[in-house]
Amino acid sequence: MGESGKGAGRAVLITGCSTGIGRTVAQGLRDRGYRVLATARKRSDVASLIGEGFEAARLDLSDEASIQEGVAWALEACDGALYGLFNNGAYGQPGALEDLPVAALRAQFESNVFGTYEVTRLVLPAMRERGAGRIIQNSSVLGFIAMKYRGAYVASKYALEGLSDALRLELDGSGIQVVLIEPGPIRSMFRKNALAAFQRHVDAESSRYHKEGYAKQLARRMEEGQETAFTLPPEAVLKRVIWGLEKRRPKVRYPVCAPTYVFAWFKRVLPQRWLDFMLKRF
Ligand SMILES: NC(=O)c1ccc[n+]([C@@H]2O[C@H](COP(=O)([O-])OP(=O)(O)OC[C@H]3O[C@@H](n4cnc5c(N)ncnc54)[C@H](OP(=O)(O)O)[C@@H]3O)[C@@H](O)[C@H]2O)c1
């Protein structure tokens, strides 16, 4: 509670507060004096958030009616005075692109892109009215570089980056800032949830990628929940969310974790073929 008061009661809507980064950011912002309007996909998680004293409601990014109800609840709760939106809820759909049915790609875009886009669109009128607001997008290092077997997730985060870049230009002069956070590996339920999505959509046994790709790298890493030497706790993202909300002129992009800084630099200076050479081995 050390820095309580900095949020000054400002209302912030957060998606995906059941676990991981969303849960940590909800807690961290509340401790800082923000009025946190926490949402989660499952009713049981909403109940546990309420049990912890949060103002909480259901918001499933892949369900349009739920998005409308969740945002209406948030706007009503703060009487339209919504200062911040942290677009956090998302999941990873792993699998080689050859193995992924289009339904898997659609589902990935439904929550990570379309649902997130709709939440943003619905809160903008209230922010415009007040001439102030912060839209904080939880993107990824995979929002600007690609990796094997992560094509669906990569495409969804590239799309989020593109939408955010265009939105920033359109909102110029409105008092609303758009901030992208680009985490590398963060400790959360992400890998466990990704494994479930993989098993739901990919017939790994009969895939040409089974031996070399899935068994050796992807599934093993997800199953073991392996952490890299660079994995950081979700508080690393919380720190950037606070910068995005509180700095008078926040940066457009906040990288998180060493690999994100390194890849951002490689992306700027290396020819694409050289970058591919490295990424193929990563
Ligand atoms: N962990 C990392 O290494 C990492 C790295 C870069 C970026 N990120 C990004 O960080 C964000 C949070 O992920 P995390 O690491 O905290 O993973 P996590 O622990 O799996 O949390 C993801 C959250 O998103 C929610 N979610 C998924 N689909 C949803 C939907 N359709 N509607 C509403 N909520 C939905 C999950 O709800 P359920 O519990 O109901 O599934 C959960 O609350 C994501 O945007 C992710 O892309 C994570």
# chains A, B, ... in the order shown; residues from 1 in each chain; ligands from 1
>>> residues_near_ligand(ligand="ligand 1", cutoff="7 Å", atoms="only C-alpha atoms and all ligand atoms", output="PyMOL selection string")
chain A and resi 15-22+40-42+59-62+88-92+111+138-141+182-191+193
>>> write_last_selection(atoms="C-alpha atoms", output="PDB file, in the first residue's frame")
ATOM      1  CA  THR A  15     -10.152  -7.486 -18.867  1.00  0.00           C
ATOM      2  CA  GLY A  16      -8.914 -10.979 -18.012  1.00  0.00           C
ATOM      3  CA  CYS A  17      -8.494 -10.559 -14.238  1.00  0.00           C
ATOM      4  CA  SER A  18      -8.871 -14.251 -13.347  1.00  0.00           C
ATOM      5  CA  THR A  19      -5.132 -14.980 -13.201  1.00  0.00           C
ATOM      6  CA  GLY A  20      -1.673 -13.814 -14.187  1.00  0.00           C
ATOM      7  CA  ILE A  21      -1.005 -10.287 -15.335  1.00  0.00           C
ATOM      8  CA  GLY A  22      -4.630  -9.124 -15.130  1.00  0.00           C
ATOM      9  CA  ALA A  40     -13.274 -12.013 -15.997  1.00  0.00           C
ATOM     10  CA  ARG A  41     -14.622 -14.542 -18.461  1.00  0.00           C
ATOM     11  CA  LYS A  42     -15.901 -17.142 -15.999  1.00  0.00           C
ATOM     12  CA  LEU A  59     -16.798  -9.964 -19.649  1.00  0.00           C
ATOM     13  CA  ASP A  60     -16.078 -12.643 -22.234  1.00  0.00           C
ATOM     14  CA  LEU A  61     -14.178 -11.161 -25.162  1.00  0.00           C
ATOM     15  CA  SER A  62     -15.507 -13.781 -27.539  1.00  0.00           C
ATOM     16  CA  ASN A  88      -5.298  -7.552 -21.060  1.00  0.00           C
ATOM     17  CA  GLY A  89      -7.488 -10.621 -21.650  1.00  0.00           C
ATOM     18  CA  ALA A  90      -6.175 -12.946 -24.372  1.00  0.00           C
ATOM     19  CA  TYR A  91      -4.802 -16.435 -24.904  1.00  0.00           C
ATOM     20  CA  GLY A  92      -2.240 -18.133 -27.109  1.00  0.00           C
ATOM     21  CA  SER A 111     -10.956 -12.719 -28.239  1.00  0.00           C
ATOM     22  CA  ASN A 138      -1.233  -5.761 -23.535  1.00  0.00           C
ATOM     23  CA  SER A 139       0.567  -6.791 -26.705  1.00  0.00           C
ATOM     24  CA  SER A 140       3.692  -8.986 -26.751  1.00  0.00           C
ATOM     25  CA  VAL A 141       7.199  -9.344 -28.139  1.00  0.00           C
ATOM     26  CA  GLU A 182       5.177  -5.632 -25.142  1.00  0.00           C
ATOM     27  CA  PRO A 183       6.071  -8.353 -22.640  1.00  0.00           C
ATOM     28  CA  GLY A 184       8.438 -11.227 -23.215  1.00  0.00           C
ATOM     29  CA  PRO A 185       8.014 -14.289 -20.964  1.00  0.00           C
ATOM     30  CA  ILE A 186       5.964 -13.527 -17.840  1.00  0.00           C
ATOM     31  CA  ARG A 187       5.023 -15.952 -15.073  1.00  0.00           C
ATOM     32  CA  SER A 188       1.273 -16.676 -15.385  1.00  0.00           C
ATOM     33  CA  MET A 189      -1.225 -19.321 -16.518  1.00  0.00           C
ATOM     34  CA  PHE A 190      -0.514 -18.422 -20.157  1.00  0.00           C
ATOM     35  CA  ARG A 191       1.360 -21.619 -21.076  1.00  0.00           C
ATOM     36  CA  ASN A 193      -4.008 -22.188 -21.204  1.00  0.00           C
TER      37      ASN A 193
END
>>> select_by_dssp(residues="range 65-253 of chain A", states="alpha helix (DSSP H)", output="ChimeraX atom specification")
/A:65-77,102-109,116-130,151-170,190-201,219-224,235-246
>>> closest_atom_pairs(of="range 128-165 of chain A", to="range 201-216 of chain A", cutoff="12 Å", atoms="only C-alpha atoms", output="Markdown table")
| residue | atom | partner | partner_atom | distance |
| --- | --- | --- | --- | --- |
| A:Met147 | CA | A:Gly213 | CA | 11.9 |
| A:Lys148 | CA | A:Gly213 | CA | 8.7 |
| A:Tyr149 | CA | A:Gly213 | CA | 8.0 |
| A:Arg150 | CA | A:Gly213 | CA | 11.5 |
| A:Ala152 | CA | A:His201 | CA | 11.8 |
>>> atom_distance(atom1="CA of Leu49 in chain A", atom2="CA of Leu122 in chain A")
23.3 Å
>>> closest_residue(among="A:Ile135, A:Met278, A:Val12, A:Cys257", to="Arg168 in chain A", atoms="only C-alpha atoms")
A:Ile135
>>> residues_around(residues="range 177-180 of chain A", least_positions_apart="4", cutoff="7 Å", atoms="only C-alpha atoms", output="mmCIF file with C-alpha atoms, in the first residue's frame")
data_model
loop_
_atom_site.group_PDB
_atom_site.id
_atom_site.type_symbol
_atom_site.label_atom_id
_atom_site.label_comp_id
_atom_site.auth_asym_id
_atom_site.auth_seq_id
_atom_site.Cartn_x
_atom_site.Cartn_y
_atom_site.Cartn_z
ATOM 1 C CA GLY A 133 -8.236 8.713 -21.000
ATOM 2 C CA ARG A 134 -5.640 5.993 -21.345
ATOM 3 C CA ILE A 135 -5.996 2.856 -23.444
ATOM 4 C CA ILE A 136 -3.286 0.396 -22.399
ATOM 5 C CA GLN A 137 -2.891 -2.577 -24.728
ATOM 6 C CA ASN A 138 -1.233 -5.761 -23.535
ATOM 7 C CA SER A 139 0.567 -6.791 -26.705
ATOM 8 C CA SER A 164 -3.359 0.671 -31.816
ATOM 9 C CA ARG A 168 -3.250 6.688 -31.748
ATOM 10 C CA GLY A 244 1.071 4.300 -19.108
ATOM 11 C CA LYS A 251 5.755 6.224 -24.469
ATOM 12 C CA VAL A 252 3.933 4.601 -27.358
ATOM 13 C CA ARG A 253 5.587 1.246 -26.591
ATOM 14 C CA TYR A 254 6.944 -0.217 -23.371
#
>>> closest_residue(among="A:Arg221, A:Lys247, A:Arg128, A:Lys157", to="Lys6 in chain A", atoms="only C-alpha atoms")
A:Lys247
>>> residues_around(residues="Trp265 in chain A", least_positions_apart="6", cutoff="12 Å", atoms="only C-alpha atoms", output="number ranges by chain")
A: 141, 144-145, 255, 258-259, 271, 275
>>> atom_distance(atom1="CA of Gly70 in chain A", atom2="CA of Thr39 in chain A")
7.4 Å
